[in-house]
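Colleague: If it helps, the file is called input18.cif and holds mmCIF, C-alpha atoms:
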```cif
data_upload
loop_
_atom_site.label_atom_id
_atom_site.label_comp_id
_atom_site.auth_asym_id
_atom_site.auth_seq_id
_atom_site.Cartn_x
_atom_site.Cartn_y
_atom_site.Cartn_z
CA MET A 1 41.82 143.62 67.44
CA LYS A 2 42.71 144.58 71.00
CA ARG A 3 46.13 142.89 71.11
CA GLN A 4 46.93 141.80 67.56
CA VAL A 5 46.67 145.25 65.93
CA PRO A 6 49.06 146.89 68.44
CA LEU A 7 51.53 144.03 67.89
CA VAL A 8 51.32 144.55 64.12
CA LEU A 9 51.74 148.34 64.51
CA CYS A 10 54.78 147.80 66.74
CA PHE A 11 56.29 145.38 64.20
CA VAL A 12 55.62 147.66 61.21
CA PHE A 13 57.01 150.81 62.84
CA GLY A 14 60.02 148.92 64.26
CA ILE A 15 60.94 147.31 60.94
CA ALA A 16 60.31 150.58 59.08
CA MET A 17 62.73 152.40 61.35
CA ILE A 18 65.45 149.77 60.93
CA PHE A 19 64.97 149.60 57.17
CA THR A 20 64.89 153.36 56.57
CA ARG A 21 68.01 153.85 58.73
CA PHE A 22 70.02 151.49 56.54
CA SER A 23 68.60 152.58 53.19
CA PRO A 24 69.87 155.84 51.63
CA HIS A 25 67.02 155.95 49.02
CA SER A 26 65.10 159.24 48.93
CA VAL A 27 61.73 157.50 49.54
CA SER A 28 63.22 155.73 52.52
CA GLN A 29 64.53 159.02 53.90
CA TRP A 30 61.12 160.66 53.34
CA ILE A 31 59.44 157.84 55.30
CA TYR A 32 62.05 158.21 58.07
CA GLU A 33 61.45 161.95 58.41
CA GLU A 34 57.66 161.54 58.19
CA VAL A 35 57.64 158.91 60.96
CA ILE A 36 59.85 161.12 63.14
CA SER A 37 57.33 163.96 62.68
CA TRP A 38 54.48 161.55 63.53
CA ILE A 39 56.23 160.65 66.79
CA LEU A 40 56.73 164.35 67.58
CA ILE A 41 52.98 164.83 67.07
CA ILE A 42 51.90 161.76 69.10
CA GLY A 43 54.34 162.45 71.98
CA PRO A 44 52.69 165.68 73.27
CA PHE A 45 49.35 163.84 73.58
CA ALA A 46 51.01 161.49 76.10
CA LEU A 47 52.18 164.56 78.05
CA VAL A 48 48.66 165.99 78.02
CA LEU A 49 47.32 162.65 79.29
CA ALA A 50 49.96 162.69 82.05
CA THR A 51 48.82 166.21 82.95
CA VAL A 52 45.19 165.06 83.07
CA THR A 53 46.25 162.25 85.42
CA LEU A 54 48.15 164.77 87.58
CA ILE A 55 45.07 167.01 87.70
CA GLN A 56 42.87 164.01 88.63
CA THR A 57 45.26 163.02 91.44
CA HIS A 58 45.38 166.51 92.94
CA THR A 59 41.64 167.08 92.47
CA THR A 60 41.04 163.90 94.47
CA ARG A 61 43.42 165.17 97.17
CA ILE A 62 41.52 168.45 97.40
CA ARG A 63 38.08 166.78 97.35
CA ARG A 64 39.01 164.32 100.10
CA ARG A 65 40.84 166.98 102.11
CA THR A 66 43.83 164.66 102.59
CA GLU A 67 46.88 165.85 104.56
CA HIS A 68 48.53 168.92 102.97
CA TRP A 69 45.76 169.17 100.36
CA GLN A 70 46.27 172.94 100.21
CA TYR A 71 49.53 172.44 98.34
CA SER A 72 47.63 170.81 95.47
CA LEU A 73 46.20 174.28 94.83
CA VAL A 74 49.78 175.51 94.46
CA VAL A 75 50.40 172.82 91.80
CA PHE A 76 47.33 174.04 89.91
CA ALA A 77 48.35 177.68 90.28
CA GLY A 78 51.82 177.01 88.80
CA LEU A 79 50.40 174.85 86.01
CA ILE A 80 47.57 177.20 85.06
CA ILE A 81 49.72 180.34 85.08
CA MET A 82 52.36 178.76 82.83
CA VAL A 83 49.77 177.34 80.42
CA LEU A 84 47.62 180.48 80.31
CA ILE A 85 50.62 182.64 79.48
CA GLY A 86 52.63 180.16 77.44
CA VAL A 87 49.99 178.60 75.17
CA PRO A 88 48.38 181.75 73.73
CA PHE A 89 51.50 183.97 73.67
CA GLY A 90 54.27 181.42 73.10
CA PRO A 91 57.48 180.58 74.98
CA GLN A 92 59.16 183.79 73.71
CA ASN A 93 56.68 185.93 75.65
CA SER A 94 58.44 188.18 78.17
CA ILE A 95 56.21 187.18 81.13
CA PHE A 96 56.70 183.48 80.32
CA GLU A 97 60.46 184.02 80.11
CA TRP A 98 60.39 185.94 83.41
CA LEU A 99 58.59 182.99 85.06
CA TYR A 100 61.07 180.55 83.57
CA ASN A 101 64.15 182.56 84.60
CA ASN A 102 62.98 183.55 88.09
CA VAL A 103 60.77 180.66 89.18
CA GLN A 104 61.53 177.45 87.33
CA LEU A 105 65.26 177.79 86.66
CA PRO A 106 66.28 178.71 90.27
CA MET A 107 64.10 175.93 91.71
CA ASP A 108 65.47 173.42 89.21
CA ALA A 109 69.10 174.27 90.08
CA THR A 110 68.36 174.35 93.81
CA MET A 111 66.57 170.98 93.75
CA PHE A 112 69.52 169.37 91.99
CA SER A 113 72.05 171.08 94.26
CA LEU A 114 70.23 169.56 97.28
CA LEU A 115 71.71 166.26 96.17
CA ALA A 116 75.16 167.55 97.17
CA PHE A 117 74.05 167.45 100.82
CA PHE A 118 72.33 164.08 100.55
CA ILE A 119 75.31 162.51 98.72
CA ALA A 120 77.71 163.89 101.34
CA SER A 121 75.50 162.57 104.15
CA ALA A 122 75.11 159.13 102.49
CA ALA A 123 78.83 158.92 101.72
CA TYR A 124 79.72 159.75 105.33
CA ARG A 125 77.50 156.93 106.53
CA ALA A 126 78.19 154.33 103.83
CA PHE A 127 81.78 154.90 102.69
CA ARG A 128 83.98 152.54 104.64
CA ALA A 129 87.24 151.19 103.24
CA ARG A 130 86.54 147.68 104.51
CA THR A 131 87.57 145.75 101.38
CA PHE A 132 90.03 146.26 98.54
CA GLU A 133 87.19 147.13 96.11
CA ALA A 134 85.63 149.63 98.53
CA SER A 135 89.03 151.25 99.09
CA LEU A 136 89.54 151.52 95.32
CA LEU A 137 86.17 153.24 94.92
CA LEU A 138 86.89 155.61 97.81
CA LEU A 139 90.39 156.47 96.59
CA THR A 140 89.20 157.09 93.02
CA ALA A 141 86.33 159.30 94.22
CA VAL A 142 88.73 161.34 96.40
CA VAL A 143 91.26 161.80 93.59
CA VAL A 144 88.53 162.77 91.07
CA MET A 145 86.97 165.26 93.50
CA MET A 146 90.33 166.78 94.47
CA GLY A 147 91.44 166.96 90.85
CA ASN A 148 88.29 168.86 89.91
CA VAL A 149 89.05 171.97 91.96
CA PRO A 150 92.13 174.23 92.28
CA ILE A 151 92.18 173.74 96.04
CA GLY A 152 92.71 170.02 95.35
CA ASP A 153 96.18 170.70 93.93
CA PHE A 154 96.89 173.02 96.89
CA ILE A 155 95.92 170.31 99.43
CA TRP A 156 97.84 167.68 97.49
CA ASN A 157 100.97 169.86 97.32
CA THR A 158 100.76 170.61 101.05
CA ILE A 159 100.46 166.94 102.00
CA MET A 160 102.89 165.63 99.37
CA SER A 161 105.41 168.51 99.57
CA TRP A 162 108.18 165.99 100.39
CA SER A 163 107.54 164.00 97.19
CA PRO A 164 108.49 164.81 93.56
CA TRP A 165 104.82 164.49 92.51
CA THR A 166 103.61 168.05 92.93
CA ASP A 167 100.62 169.42 90.97
CA LYS A 168 99.81 165.85 90.01
CA VAL A 169 96.29 165.36 91.38
CA SER A 170 94.52 167.03 88.43
CA GLU A 171 96.70 164.97 86.05
CA ALA A 172 95.90 161.81 88.03
CA ARG A 173 92.19 162.64 87.82
CA GLN A 174 92.37 163.08 84.05
CA TRP A 175 94.34 159.85 83.64
CA ILE A 176 91.79 157.92 85.71
CA LEU A 177 88.91 159.36 83.68
CA ASP A 178 90.60 158.66 80.34
CA ASN A 179 91.84 155.15 81.07
CA PRO A 180 90.48 152.78 83.78
CA ASN A 181 87.21 154.72 84.10
CA LEU A 182 86.70 154.77 80.32
CA SER A 183 87.43 151.06 79.98
CA ALA A 184 84.86 150.20 82.69
CA ARG A 185 82.32 152.52 81.06
CA ARG A 186 82.97 150.95 77.67
CA GLY A 187 82.40 147.50 79.15
CA ILE A 188 79.11 148.66 80.67
CA ILE A 189 78.05 150.45 77.46
CA LEU A 190 78.79 147.36 75.35
CA GLY A 191 76.84 145.11 77.74
CA VAL A 192 73.88 147.50 77.98
CA SER A 193 73.83 148.00 74.21
CA LEU A 194 73.69 144.27 73.55
CA GLY A 195 70.80 144.12 76.04
CA VAL A 196 69.00 147.01 74.32
CA ILE A 197 69.34 145.37 70.91
CA SER A 198 68.12 141.96 72.09
CA GLN A 199 65.19 143.54 73.95
CA SER A 200 64.30 145.69 70.93
CA ILE A 201 64.26 142.60 68.69
CA ARG A 202 62.03 140.81 71.23
CA ILE A 203 59.62 143.78 71.27
CA ILE A 204 59.49 144.14 67.48
CA LEU A 205 58.89 140.42 66.99
CA GLY A 206 56.13 140.43 69.62
CA ILE A 207 57.94 138.11 72.04
CA GLU A 208 58.03 140.82 74.70
CA ARG A 209 54.46 142.12 75.18
CA SER A 210 54.43 143.54 78.69
CA TYR A 211 53.84 147.07 77.31
CA LEU A 212 50.35 145.93 76.25
CA GLY A 213 49.37 145.51 79.90
CA GLY A 214 46.95 142.97 81.29
CA GLY A 215 43.41 142.09 80.22
CA ASP A 216 42.21 140.84 76.85
CA MET B 1 68.06 197.41 87.33
CA ASP B 2 64.34 197.60 86.53
CA LEU B 3 61.54 196.73 88.94
CA TRP B 4 60.69 193.38 87.34
CA SER B 5 64.32 192.22 87.51
CA SER B 6 64.44 193.15 91.21
CA ILE B 7 61.17 191.33 91.91
CA GLY B 8 62.52 188.34 89.97
CA ILE B 9 65.66 188.22 92.13
CA TRP B 10 63.59 188.38 95.33
CA VAL B 11 61.23 185.64 94.09
CA ALA B 12 64.16 183.42 93.06
CA ALA B 13 65.91 184.04 96.40
CA PHE B 14 62.73 183.22 98.35
CA LEU B 15 62.21 179.98 96.39
CA THR B 16 65.89 179.02 96.72
CA LEU B 17 65.82 179.50 100.50
CA SER B 18 62.45 177.73 100.73
CA ILE B 19 63.94 174.63 99.06
CA TYR B 20 67.10 174.71 101.18
CA SER B 21 64.94 174.94 104.32
CA VAL B 22 64.25 171.19 103.94
CA LEU B 23 67.84 170.58 105.08
CA TYR B 24 66.62 171.52 108.55
CA ARG B 25 63.37 169.57 108.29
CA ASP B 26 60.17 169.29 106.26
CA ASN B 27 58.24 172.56 106.50
CA PRO B 28 55.47 174.55 104.76
CA PHE B 29 57.94 176.71 102.78
CA TYR B 30 59.59 173.65 101.27
CA ARG B 31 56.26 172.00 100.50
CA PHE B 32 55.07 175.21 98.82
CA ALA B 33 58.19 175.45 96.63
CA GLU B 34 58.14 171.72 95.86
CA HIS B 35 54.51 171.80 94.66
CA LEU B 36 55.03 175.03 92.75
CA PHE B 37 58.03 173.43 91.02
CA VAL B 38 55.88 170.48 89.91
CA GLY B 39 53.12 172.72 88.56
CA VAL B 40 55.44 175.15 86.79
CA SER B 41 57.57 172.35 85.27
CA VAL B 42 54.53 170.53 83.90
CA GLY B 43 53.15 173.79 82.50
CA TYR B 44 56.50 174.59 80.91
CA GLY B 45 56.66 171.09 79.40
CA ILE B 46 53.17 171.45 77.90
CA VAL B 47 53.98 174.82 76.33
CA LEU B 48 57.26 173.58 74.86
CA SER B 49 55.76 170.37 73.48
CA ILE B 50 52.97 172.37 71.84
CA TYR B 51 55.31 174.97 70.32
CA GLN B 52 58.18 172.62 69.39
CA GLY B 53 56.15 169.52 68.50
CA PHE B 54 52.48 169.99 67.78
CA ILE B 55 52.45 173.39 66.03
CA PRO B 56 55.40 172.94 63.60
CA PHE B 57 54.77 169.26 62.82
CA ALA B 58 50.95 169.04 62.91
CA TRP B 59 49.16 172.37 63.01
CA LYS B 60 51.16 174.27 60.36
CA PRO B 61 51.11 171.43 57.74
CA PHE B 62 47.40 170.90 58.45
CA THR B 63 46.50 174.58 58.03
CA ALA B 64 48.63 174.64 54.86
CA ALA B 65 46.55 171.72 53.56
CA MET B 66 43.33 173.50 54.50
CA THR B 67 44.33 176.58 52.54
CA GLY B 68 45.35 174.41 49.57
CA GLU B 69 49.09 175.16 49.84
CA SER B 70 50.18 171.56 50.33
CA LEU B 71 47.68 168.71 50.47
CA THR B 72 50.20 166.34 52.15
CA GLY B 73 49.35 168.14 55.38
CA PHE B 74 46.17 166.05 55.57
CA ILE B 75 48.43 163.05 56.36
CA LYS B 76 49.03 164.71 59.74
CA LEU B 77 45.43 163.90 60.66
CA ILE B 78 46.55 160.26 61.12
CA PRO B 79 49.10 160.91 63.93
CA ILE B 80 46.69 163.46 65.49
CA GLY B 81 44.00 160.75 65.54
CA ILE B 82 46.46 158.21 66.95
CA GLY B 83 47.55 160.73 69.60
CA LEU B 84 43.93 161.35 70.60
CA LEU B 85 43.62 157.62 71.37
CA PHE B 86 45.72 158.32 74.50
CA PHE B 87 42.55 159.81 76.01
CA ALA B 88 40.79 156.45 75.72
CA ARG B 89 42.56 155.83 79.03
CA LEU B 90 39.93 158.05 80.66
CA SER B 91 37.07 155.76 79.60
CA PRO B 92 37.15 152.32 81.30
CA ARG B 93 35.34 150.67 78.35
CA HIS B 94 37.80 151.98 75.77
CA THR B 95 41.04 151.84 77.77
CA TRP B 96 42.43 149.16 75.44
CA LEU B 97 42.64 151.72 72.61
CA ILE B 98 45.61 153.35 74.36
CA ARG B 99 47.65 150.32 73.25
CA TYR B 100 47.69 151.67 69.68
CA PRO B 101 49.72 154.86 70.30
CA ILE B 102 51.85 153.09 72.91
CA ALA B 103 52.63 150.26 70.45
CA ILE B 104 53.62 152.80 67.80
CA LEU B 105 55.89 154.70 70.21
CA ILE B 106 57.44 151.45 71.51
CA GLY B 107 57.90 150.04 67.99
CA PHE B 108 59.46 153.31 66.83
CA GLY B 109 61.77 153.44 69.84
CA SER B 110 62.85 149.83 69.44
CA GLY B 111 63.36 150.16 65.70
CA ILE B 112 65.40 153.33 65.91
CA ALA B 113 67.43 151.98 68.85
CA ILE B 114 68.85 148.99 66.95
CA PRO B 115 70.82 150.83 64.21
CA ASN B 116 71.73 153.77 66.46
CA VAL B 117 72.97 151.62 69.35
CA LEU B 118 74.82 149.34 66.95
CA ARG B 119 76.65 152.25 65.37
CA ALA B 120 77.25 154.59 68.31
CA ASN B 121 77.64 152.18 71.20
CA ILE B 122 79.01 148.96 69.76
CA PHE B 123 81.00 149.75 66.59
CA GLU B 124 82.35 153.11 67.79
CA GLN B 125 83.22 151.91 71.29
CA THR B 126 84.93 148.79 69.93
CA ARG B 127 86.79 150.90 67.39
CA GLY B 128 87.91 153.31 70.13
CA THR B 129 89.16 150.38 72.21
CA ILE B 130 91.28 148.73 69.52
CA GLU B 131 92.25 151.79 67.46
CA PRO B 132 95.43 152.53 69.48
CA PHE B 133 96.80 149.14 68.35
CA ALA B 134 96.86 150.47 64.77
CA ALA B 135 99.08 153.28 66.06
CA ILE B 136 101.26 150.74 67.86
CA TYR B 137 101.52 148.72 64.64
CA ALA B 138 102.41 151.87 62.70
CA GLY B 139 105.08 152.66 65.28
CA THR B 140 103.58 156.00 66.34
CA LEU B 141 102.68 154.85 69.85
CA ALA B 142 105.26 153.62 72.33
CA GLY B 143 106.04 153.19 76.02
CA TRP B 144 103.30 154.57 78.25
CA GLY B 145 100.88 154.75 75.32
CA ILE B 146 101.19 150.99 74.74
CA PHE B 147 100.53 150.37 78.45
CA GLU B 148 97.38 152.53 78.27
CA ALA B 149 96.15 150.73 75.13
CA VAL B 150 96.63 147.32 76.75
CA LEU B 151 95.04 148.55 79.98
CA MET B 152 91.99 149.70 78.01
CA VAL B 153 91.49 146.31 76.34
CA VAL B 154 92.06 144.45 79.64
CA GLY B 155 89.53 146.73 81.38
CA VAL B 156 86.84 146.35 78.71
CA VAL B 157 87.26 142.56 78.41
CA CYS B 158 87.36 141.97 82.20
CA THR B 159 84.30 144.21 82.76
CA LEU B 160 82.40 142.25 80.12
CA ILE B 161 83.51 138.96 81.69
CA TYR B 162 82.15 140.13 85.06
CA PHE B 163 78.72 140.61 83.43
CA PHE B 164 78.93 137.29 81.54
CA PHE B 165 76.73 134.85 83.46
CA SER B 166 76.47 132.06 80.88
CA THR B 167 79.42 130.33 82.51
CA GLU B 168 80.19 129.76 86.18
CA HIS B 169 82.73 132.21 87.61
CA ARG B 170 85.44 129.69 88.57
CA GLY B 171 89.16 129.43 87.86
CA PRO B 172 90.52 131.97 85.34
CA VAL B 173 87.04 133.44 84.72
CA LYS B 174 86.73 134.19 88.44
CA TRP B 175 90.06 136.04 88.49
CA LEU B 176 89.31 137.93 85.30
CA SER B 177 85.92 138.96 86.69
CA LYS B 178 87.68 140.13 89.88
CA VAL B 179 89.89 142.37 87.73
CA GLY B 180 86.65 143.55 86.08
CA ILE B 181 85.25 144.45 89.52
CA ALA B 182 88.35 146.54 90.21
CA PHE B 183 87.83 148.48 86.97
CA LEU B 184 84.13 148.87 87.76
CA MET B 185 84.96 150.26 91.21
CA ILE B 186 87.26 152.84 89.61
CA GLY B 187 84.46 153.67 87.17
CA PHE B 188 81.88 154.04 89.95
CA GLY B 189 84.31 156.08 92.06
CA SER B 190 84.88 158.45 89.12
CA ALA B 191 81.15 158.72 88.48
CA PHE B 192 80.55 159.42 92.16
CA GLY B 193 83.30 162.05 92.30
CA ASN B 194 82.04 163.78 89.17
CA THR B 195 78.41 163.70 90.38
CA VAL B 196 79.37 165.21 93.74
CA MET B 197 81.41 167.94 92.09
CA GLY B 198 78.60 168.65 89.60
CA ARG B 199 76.09 169.09 92.42
CA VAL B 200 78.55 171.15 94.46
CA ALA B 201 79.04 173.39 91.41
CA LEU B 202 75.26 173.94 91.34
CA LEU B 203 75.29 174.67 95.07
CA ILE B 204 78.10 177.19 94.62
CA GLN B 205 76.13 178.82 91.80
CA ARG B 206 73.04 179.15 94.03
CA VAL B 207 75.06 180.52 96.97
CA ASP B 208 76.78 182.92 94.57
CA PHE B 209 73.34 184.07 93.39
CA LEU B 210 72.19 184.67 96.98
CA LEU B 211 75.34 186.50 98.08
CA SER B 212 75.99 188.40 94.87
CA ASP B 213 72.72 189.10 93.01
CA TRP B 214 70.40 189.19 96.02
CA LEU B 215 72.37 190.44 99.03
CA HIS B 216 75.21 192.18 97.11
CA ILE B 217 77.67 190.96 99.80
CA ILE B 218 80.18 189.84 97.16
CA GLN B 219 80.78 191.51 93.81
#
```
Using structure tokens, write down the structure that the file contains.
Modeller:
Amino acid sequence: MKRQVPLVLCFVFGIAMIFTRFSPHSVSQWIYEEVISWILIIGPFALVLATVTLIQTHTTRIRRRTEHWQYSLVVFAGLIIMVLIGVPFGPQNSIFEWLYNNVQLPMDATMFSLLAFFIASAAYRAFRARTFEASLLLLTAVVVMMGNVPIGDFIWNTIMSWSPWTDKVSEARQWILDNPNLSARRGIILGVSLGVISQSIRIILGIERSYLGGGD
Amino acid sequence: MDLWSSIGIWVAAFLTLSIYSVLYRDNPFYRFAEHLFVGVSVGYGIVLSIYQGFIPFAWKPFTAAMTGESLTGFIKLIPIGIGLLFFARLSPRHTWLIRYPIAILIGFGSGIAIPNVLRANIFEQTRGTIEPFAAIYAGTLAGWGIFEAVLMVVGVVCTLIYFFFSTEHRGPVKWLSKVGIAFLMIGFGSAFGNTVMGRVALLIQRVDFLLSDWLHIIQ
């Protein structure tokens, strides 16, 4: 009951998805669409559980007065304001949209842009053309970065003004992306895909059971 | 510009600068913005999943069934019940019940992955790799195009050989896998270059916002 039923459910839903994907019959397509809608219903419950866990974690931090516990109140403030405005009035509500455009969106973009500094710092420390492979990686990265911006062609033309290859860095970038880069990516994609398929078969057949966790 | 737009720009500028302040060192402004970001993002995720998942796929069919419009809506009680089992996690005695919805999600994901990955990632990628040879055979591809087609096949095969561990990498396999490493390095270099430029583009956009929308230094 505790382990066998989940294994059966996993098998049934896995096989159903494979079967309905290959069968064009209308019943099969109805089952496919119905299961998709089931997943879209079940999924949000997992998010709510994750939120409950987040609330528990921060409540514990506040109760125990751990270091920087005051910031847990900020988490709650952000969460509660978004939910109190968004759930009753919907995501089209003007206040909800204002919060999204002026609070979440700028922070999201800024957080991701921080990586530019960390990547530059890490690259400065780690990038050393010690071997042929490392030099290849460095050279490719430089060409791709230079080819991405107009100033790249300007720098290239200034340095290579004596050569016949002017305005070539953006072309070189595109050629690298379309040929050697694409072939390496295809190799990785093919390898990963074979791994995904074999792992999926193992899960559906109940050979891989780690998702059930420990215990009886 | 109305008052709310102006307040919005000031709030966004304050939060942007608060996050960038971590570049100097960890400080209360950054911690405030970081925690606010977590709270707001989770809240936004809940609202979207309710309005794009729960309401159209569960609530509306269920209310339609209740009013007698379409009785098939009662079927939605099954996934709602399965979803509620997630909360068994909060009761130590009934924690095992969470395996049911997880097993369904995992089974669904695995089942849908097989045909989709087969089609999109294996058949299509293989087709894209060997398709130029049809053009070579038809005589529509020549010179540099042939070189690129051969280079593509060599790159894909050598990359796969590098990841093939069922045989020891000695002799020709070793050299082919070395060629595979060279292709991989070009791939990683390209990915690195594109990632850096993507992040720099975001940085430029934020600086543009600060200088243009907030401070009006540039137009």
Colleague: What do you get, as JSON, numbers by chain, if you spell out every residue that the PyMOL selection byres ((chain B) within 6 of (chain A)) selects here?
Modeller: {"B": [8, 12, 35, 36, 39, 40, 43, 47, 49, 53, 54, 57, 79, 83, 99, 100, 103, 104, 107, 108, 110, 111, 112, 114, 122, 152, 155, 156, 159, 160, 183, 184, 185, 186, 187, 189, 190, 193, 196, 199, 200, 202, 203]}
Colleague: Take the residues just selected and output them with C-alpha atoms as a PDB file, keeping the file's coordinate frame.
Modeller:
```pdb
ATOM      1  CA  GLY B   8      62.520 188.340  89.970  1.00  0.00           C
ATOM      2  CA  ALA B  12      64.160 183.420  93.060  1.00  0.00           C
ATOM      3  CA  HIS B  35      54.510 171.800  94.660  1.00  0.00           C
ATOM      4  CA  LEU B  36      55.030 175.030  92.750  1.00  0.00           C
ATOM      5  CA  GLY B  39      53.120 172.720  88.560  1.00  0.00           C
ATOM      6  CA  VAL B  40      55.440 175.150  86.790  1.00  0.00           C
ATOM      7  CA  GLY B  43      53.150 173.790  82.500  1.00  0.00           C
ATOM      8  CA  VAL B  47      53.980 174.820  76.330  1.00  0.00           C
ATOM      9  CA  SER B  49      55.760 170.370  73.480  1.00  0.00           C
ATOM     10  CA  GLY B  53      56.150 169.520  68.500  1.00  0.00           C
ATOM     11  CA  PHE B  54      52.480 169.990  67.780  1.00  0.00           C
ATOM     12  CA  PHE B  57      54.770 169.260  62.820  1.00  0.00           C
ATOM     13  CA  PRO B  79      49.100 160.910  63.930  1.00  0.00           C
ATOM     14  CA  GLY B  83      47.550 160.730  69.600  1.00  0.00           C
ATOM     15  CA  ARG B  99      47.650 150.320  73.250  1.00  0.00           C
ATOM     16  CA  TYR B 100      47.690 151.670  69.680  1.00  0.00           C
ATOM     17  CA  ALA B 103      52.630 150.260  70.450  1.00  0.00           C
ATOM     18  CA  ILE B 104      53.620 152.800  67.800  1.00  0.00           C
ATOM     19  CA  GLY B 107      57.900 150.040  67.990  1.00  0.00           C
ATOM     20  CA  PHE B 108      59.460 153.310  66.830  1.00  0.00           C
ATOM     21  CA  SER B 110      62.850 149.830  69.440  1.00  0.00           C
ATOM     22  CA  GLY B 111      63.360 150.160  65.700  1.00  0.00           C
ATOM     23  CA  ILE B 112      65.400 153.330  65.910  1.00  0.00           C
ATOM     24  CA  ILE B 114      68.850 148.990  66.950  1.00  0.00           C
ATOM     25  CA  ILE B 122      79.010 148.960  69.760  1.00  0.00           C
ATOM     26  CA  MET B 152      91.990 149.700  78.010  1.00  0.00           C
ATOM     27  CA  GLY B 155      89.530 146.730  81.380  1.00  0.00           C
ATOM     28  CA  VAL B 156      86.840 146.350  78.710  1.00  0.00           C
ATOM     29  CA  THR B 159      84.300 144.210  82.760  1.00  0.00           C
ATOM     30  CA  LEU B 160      82.400 142.250  80.120  1.00  0.00           C
ATOM     31  CA  PHE B 183      87.830 148.480  86.970  1.00  0.00           C
ATOM     32  CA  LEU B 184      84.130 148.870  87.760  1.00  0.00           C
ATOM     33  CA  MET B 185      84.960 150.260  91.210  1.00  0.00           C
ATOM     34  CA  ILE B 186      87.260 152.840  89.610  1.00  0.00           C
ATOM     35  CA  GLY B 187      84.460 153.670  87.170  1.00  0.00           C
ATOM     36  CA  GLY B 189      84.310 156.080  92.060  1.00  0.00           C
ATOM     37  CA  SER B 190      84.880 158.450  89.120  1.00  0.00           C
ATOM     38  CA  GLY B 193      83.300 162.050  92.300  1.00  0.00           C
ATOM     39  CA  VAL B 196      79.370 165.210  93.740  1.00  0.00           C
ATOM     40  CA  ARG B 199      76.090 169.090  92.420  1.00  0.00           C
ATOM     41  CA  VAL B 200      78.550 171.150  94.460  1.00  0.00           C
ATOM     42  CA  LEU B 202      75.260 173.940  91.340  1.00  0.00           C
ATOM     43  CA  LEU B 203      75.290 174.670  95.070  1.00  0.00           C
TER      44      LEU B 203
END
```
Colleague: So for range 185-201 of chain A, what box centre and size do we get, axis-aligned, 4 Å extra on each of the six sides, every listed atom, Å to one decimal, as JSON?
Modeller:
```
{"center_x": 73.6, "center_y": 147.2, "center_z": 74.9, "size_x": 26.7, "size_y": 18.6, "size_z": 20.4}
```
Colleague: For Asp167 in chain A, find every residue with an atom within 12 Å (counting only C-alpha atoms), except residues of its own chain fewer than 4 positions away, and show them as a list in words.
Modeller: Met146, Gly147, Val149, Pro150, Ile151, Gly152, Asp153, Phe154, Ile155, Trp156, Asn157, Thr158, Ile159, Met160, Ser161, Ser163, Glu171, Ala172 and Arg173 of chain A
Colleague: List the residues matched by the PyMOL selection byres ((chain B and resi 69-78) around 9) in the displayed structure as a PyMOL selection string, ordered by chain and then by residue number.
Modeller: (chain A and resi 37-38+41) or (chain B and resi 57-68+79-83)
Colleague: Please compute the CA of Ser5 in chain B-CA of Asn93 in chain A distance, one decimal, in Å.
Modeller: 15.4 Å
Colleague: Do you have the CA of Tyr30 in chain B-CA of Gln205 in chain B distance handy?
Modeller: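 The value is 19.7 Å.
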Colleague: At what distance in Å, to one decimal, does CA of Ile136 in chain B lie from CA of Phe123 in chain B?
Modeller: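 A separation of 20.3 Å between them.
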